[in-house]
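Student: One structure, pasted below without further comment.
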Amino acid sequence: MSGTDGPTAGPEERSAVERLRRWRMVLGGGEADGTGCALAGRDAAMDAALGALYGGDGGGSRKAPGERSAGLGGSAPRVARWLGDIRTYFPTSVVQVMQRDAIERLGLSALLLEPEMLEAVEPDVHLVGTLLSLNKAMPETTRETARAVVRTVVDQLERKLATRTRATLTGALDRSARISRPRHHDIDWNRTIRANLKNYLPEHRTVVPERLIGYGRAARSVKKEVILCIDQSGSMAASVVYASVFGAVLASMRSLATRLVVFDTAVVDLTDLLDDPVDVLFGTQLGGGTDINRALAHCQSKITRPADTVVVLISDLYEGGIRDEMLKRVAAMKAAGVEFVTLLALSDEGAPAYDREHAAGLAALGAPAFACTPDLFPEVMAAALEKRPLPVPAP
């Protein structure tokens, strides 16, 4: 290779060398990769970091010719150094993917119970989900470090989501508080004009508004009640994180009374912790079975103003309880005037796995079940508060 990558090499030769270098990085070296390209310096260090994770099973077992070698084994210091290396060589988005792969492929969850490991990782939603699943096994020496990691992610999410959520929902709450004799600055001109089009005077090219339609200021008092009912089974980890952050944002709005309930086969009401989403998250216990019917029974018992209440069930609908009772309970809430929203996931993870039979049963009741991204959630809540069709994403 030295004859073609020097200063006298032409553009085509340099392009060919670059293609070989990239193929060598992808294929991992050895006689079988066919590139004949040797790596040095930063490239060699990057290749070693990749090889430690993606070389065979990553744990030091025998590799086929051409596969990456090395591995992370079970040594916390070695893993901590590797975490530092990948943060040096790769952008944050790639680091987060590699961390998830390391936890899943190499079984490194137990090592996250060690403070020095947690201090080395790049915090993200998936890491928070892993830490929450380890919550009960976490030693006291690690707990404060873990809370700091979770706090970092929660603060990032709140900064990203809070302003838009409050603005969107405040507008929805204002519009839902219609009044028949509004003051001038409370008039909803769009609705007023539509309601008075029959009074159009062509000669004056104007509409005479016989009836004014307005909306009050929702912040004066509690206008709506929201109950977030969150499935904390292991598959819902990212949704639990996002829902807890949104729950705290909603709870900060004086015009909303917000309740947060998490469930597996048991039901836990975490409303008293909503001032701090980190406390909410550490109050969950990811994993275990699922009893949606029991959770909805608890939520139903807390509803005092059905026509002003929105219940948001966040679950993949794999029910371990009584399916028919669950559907009857949803039907009863809707008949009483409750707005019922079913989210199969609240995350950026793409299409989730879910129980299609249960989803179809809810859709038949007028409660379509769909996956929702964090960016879409404020619009979904605004539509529910205003009792208008939900912005269900196209399948």
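We name chains A, B, ... following the order of the structure tokens; residues begin at 1 in each chain, and ligands are numbered from 1 as shown.
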Just asking: which residues within range 61-165 of chain A are helix (DSSP H, G or I) according to DSSP, as a ChimeraX atom specification?
Tutor: /A:76-89,92-106,109-113,115-118,125-133,135-137,140-165
Student: Find the residues near Gly321 in chain A: any atom within 12 Å, counting only C-alpha atoms, skip ones fewer than 3 places away on the same chain, and give them as a VMD selection string.
Tutor: chain A and resid 263 to 266 289 to 297 317 to 318 324 to 327
Student: Enumerate, as an MDAnalysis selection string, the complete set of residues in range 182-395 of chain A that a backbone-based DSSP assignment places in strand (DSSP E).
Tutor: chainID A and resid 200:201 206:207 214:215 224:231 256:263 267:269 309:314 339:346 369:372
Student: Deliver the residues from the most recent selection as a file, using C-alpha atoms, as a compact mmCIF listing (two decimals), in the first residue's frame.
Tutor:
# COMPACT_ATOMS: atom_id res chain seq x y z
CA TYR A 200 -72.48 38.60 5.75
CA LEU A 201 -73.37 42.01 4.27
CA THR A 206 -68.28 42.45 6.34
CA VAL A 207 -69.84 39.98 8.76
CA GLY A 214 -64.66 33.02 23.04
CA TYR A 215 -62.45 31.12 25.40
CA LYS A 224 -58.96 19.09 32.99
CA GLU A 225 -57.73 15.96 34.75
CA VAL A 226 -55.16 13.64 33.19
CA ILE A 227 -54.33 10.11 34.32
CA LEU A 228 -51.20 8.49 32.87
CA CYS A 229 -51.39 4.72 33.30
CA ILE A 230 -48.01 3.22 32.42
CA ASP A 231 -47.09 -0.42 31.82
CA LEU A 256 -54.23 20.32 34.81
CA ALA A 257 -54.65 17.86 37.65
CA THR A 258 -52.25 15.04 36.75
CA ARG A 259 -52.08 11.54 38.19
CA LEU A 260 -49.40 8.96 37.33
CA VAL A 261 -49.94 5.23 37.86
CA VAL A 262 -47.50 2.43 36.98
CA PHE A 263 -48.34 -1.24 36.91
CA VAL A 267 -50.50 -1.15 40.75
CA VAL A 268 -48.48 1.73 42.23
CA ASP A 269 -49.72 5.32 42.31
CA THR A 309 -60.84 13.61 32.27
CA VAL A 310 -58.31 12.13 29.85
CA VAL A 311 -56.94 8.66 30.59
CA VAL A 312 -53.75 7.72 28.72
CA LEU A 313 -52.88 4.00 28.79
CA ILE A 314 -49.29 3.37 27.67
CA GLU A 339 -61.41 10.65 26.69
CA PHE A 340 -59.40 7.41 26.45
CA VAL A 341 -56.06 7.29 24.64
CA THR A 342 -54.04 4.10 24.10
CA LEU A 343 -50.35 4.40 23.20
CA LEU A 344 -48.55 1.18 22.30
CA ALA A 345 -45.27 2.96 22.99
CA LEU A 346 -44.05 6.46 23.82
CA ALA A 369 -54.16 2.08 19.80
CA PHE A 370 -51.03 3.46 18.15
CA ALA A 371 -47.36 4.09 18.79
CA CYS A 372 -46.45 7.70 19.58
Student: Between A:Ile322, A:Met253, A:Val149, A:Val154, which is the closest to Thr170 in chain A once you count only C-alpha atoms?
Tutor: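 Of the candidates, the smallest distance to Thr170 in chain A is held by A:Met253.
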Student: Which is closer to Gly320 in chain A than all the others in A:Pro209, A:Gly283, A:Pro11, A:Gly288, using only C-alpha atoms?
Tutor: A:Gly288
Student: Considering only C-alpha atoms, can you say which of A:Gln285, A:Thr130, A:Thr304, A:Thr145 comes closest to Ala238 in chain A?
Tutor: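 When distances to Ala238 in chain A are compared using only C-alpha atoms, the smallest one comes from A:Thr130.
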Student: Record the distance separating CA of Tyr354 in chain A and CA of Asp316 in chain A, expressed in Å with one decimal.
Tutor: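 Between CA of Tyr354 in chain A and CA of Asp316 in chain A the gap is 4.6 Å.
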Student: Tell me, as a list in words, which residues lie within 9 Å of range 42-44 of chain A, counting only C-alpha atoms; anything in the same chain fewer than 4 positions away does not count.
Tutor: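 Residues meeting the cut-off are Arg21, Met25, Ala38, Ala48, Ala49 and Tyr89 of chain A.
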Student: Can I get the selection written as a PDB file, in the first residue's frame, with C-alpha atoms?
Tutor:
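Below is the file that was written, out.pdb:
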ATOM      1  CA  ARG A  21      -9.292   1.384   4.230  1.00  0.00           C
ATOM      2  CA  MET A  25     -12.584  -1.303   8.924  1.00  0.00           C
ATOM      3  CA  ALA A  38      -2.904  -2.619   7.253  1.00  0.00           C
ATOM      4  CA  ALA A  48      -9.523  -2.384  18.240  1.00  0.00           C
ATOM      5  CA  ALA A  49     -12.510  -0.694  19.927  1.00  0.00           C
ATOM      6  CA  TYR A  89     -13.186   7.907  18.447  1.00  0.00           C
TER       7      TYR A  89
END
Student: Env of Phe282 in chain A: 8 Å cut, atoms = only C-alpha atoms, seq-sep filter 3 positions within chain, self excluded. Answer as a VMD selection string.
Tutor: chain A and resid 132 135 278 to 279 285
Student: Suppose we keep N, CA, C and O atoms; can you now write the selection as an mmCIF file, in the first residue's frame?
Tutor:
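Written file, result.cif:
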data_model
loop_
_atom_site.group_PDB
_atom_site.id
_atom_site.type_symbol
_atom_site.label_atom_id
_atom_site.label_comp_id
_atom_site.auth_asym_id
_atom_site.auth_seq_id
_atom_site.Cartn_x
_atom_site.Cartn_y
_atom_site.Cartn_z
ATOM 1 N N LEU A 132 -32.817 1.265 35.587
ATOM 2 C CA LEU A 132 -34.062 1.061 36.332
ATOM 3 C C LEU A 132 -34.365 -0.421 36.510
ATOM 4 O O LEU A 132 -34.896 -0.841 37.537
ATOM 5 N N ASN A 135 -32.482 -1.605 39.439
ATOM 6 C CA ASN A 135 -32.674 -0.744 40.606
ATOM 7 C C ASN A 135 -32.617 -1.507 41.921
ATOM 8 O O ASN A 135 -31.903 -1.129 42.855
ATOM 9 N N VAL A 278 -37.169 12.017 38.443
ATOM 10 C CA VAL A 278 -36.158 11.021 38.840
ATOM 11 C C VAL A 278 -36.704 10.156 39.975
ATOM 12 O O VAL A 278 -36.525 8.929 39.984
ATOM 13 N N ASP A 279 -37.399 10.776 40.932
ATOM 14 C CA ASP A 279 -38.033 9.996 41.998
ATOM 15 C C ASP A 279 -39.088 9.062 41.425
ATOM 16 O O ASP A 279 -39.239 7.921 41.874
ATOM 17 N N GLN A 285 -40.517 -0.374 38.872
ATOM 18 C CA GLN A 285 -39.787 -1.637 38.917
ATOM 19 C C GLN A 285 -40.012 -2.334 37.587
ATOM 20 O O GLN A 285 -41.023 -3.012 37.391
#
Student: Give me the residues within 6 Å of range 374-387 of chain A as a PyMOL selection string, counting only C-alpha atoms and dropping any in the same chain fewer than 2 places off.
Tutor: chain A and resi 165+169+172+176+347+390
Student: Between CA of Leu53 in chain A and CA of Arg105 in chain A, what is the spacing in Å?
Tutor: 8.1 Å
Student: One decimal, in Å: what's the spacing between CA of Met138 in chain A and CA of Thr92 in chain A?
Tutor: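 Straight-line distance from CA of Met138 in chain A to CA of Thr92 in chain A works out to 26.2 Å.
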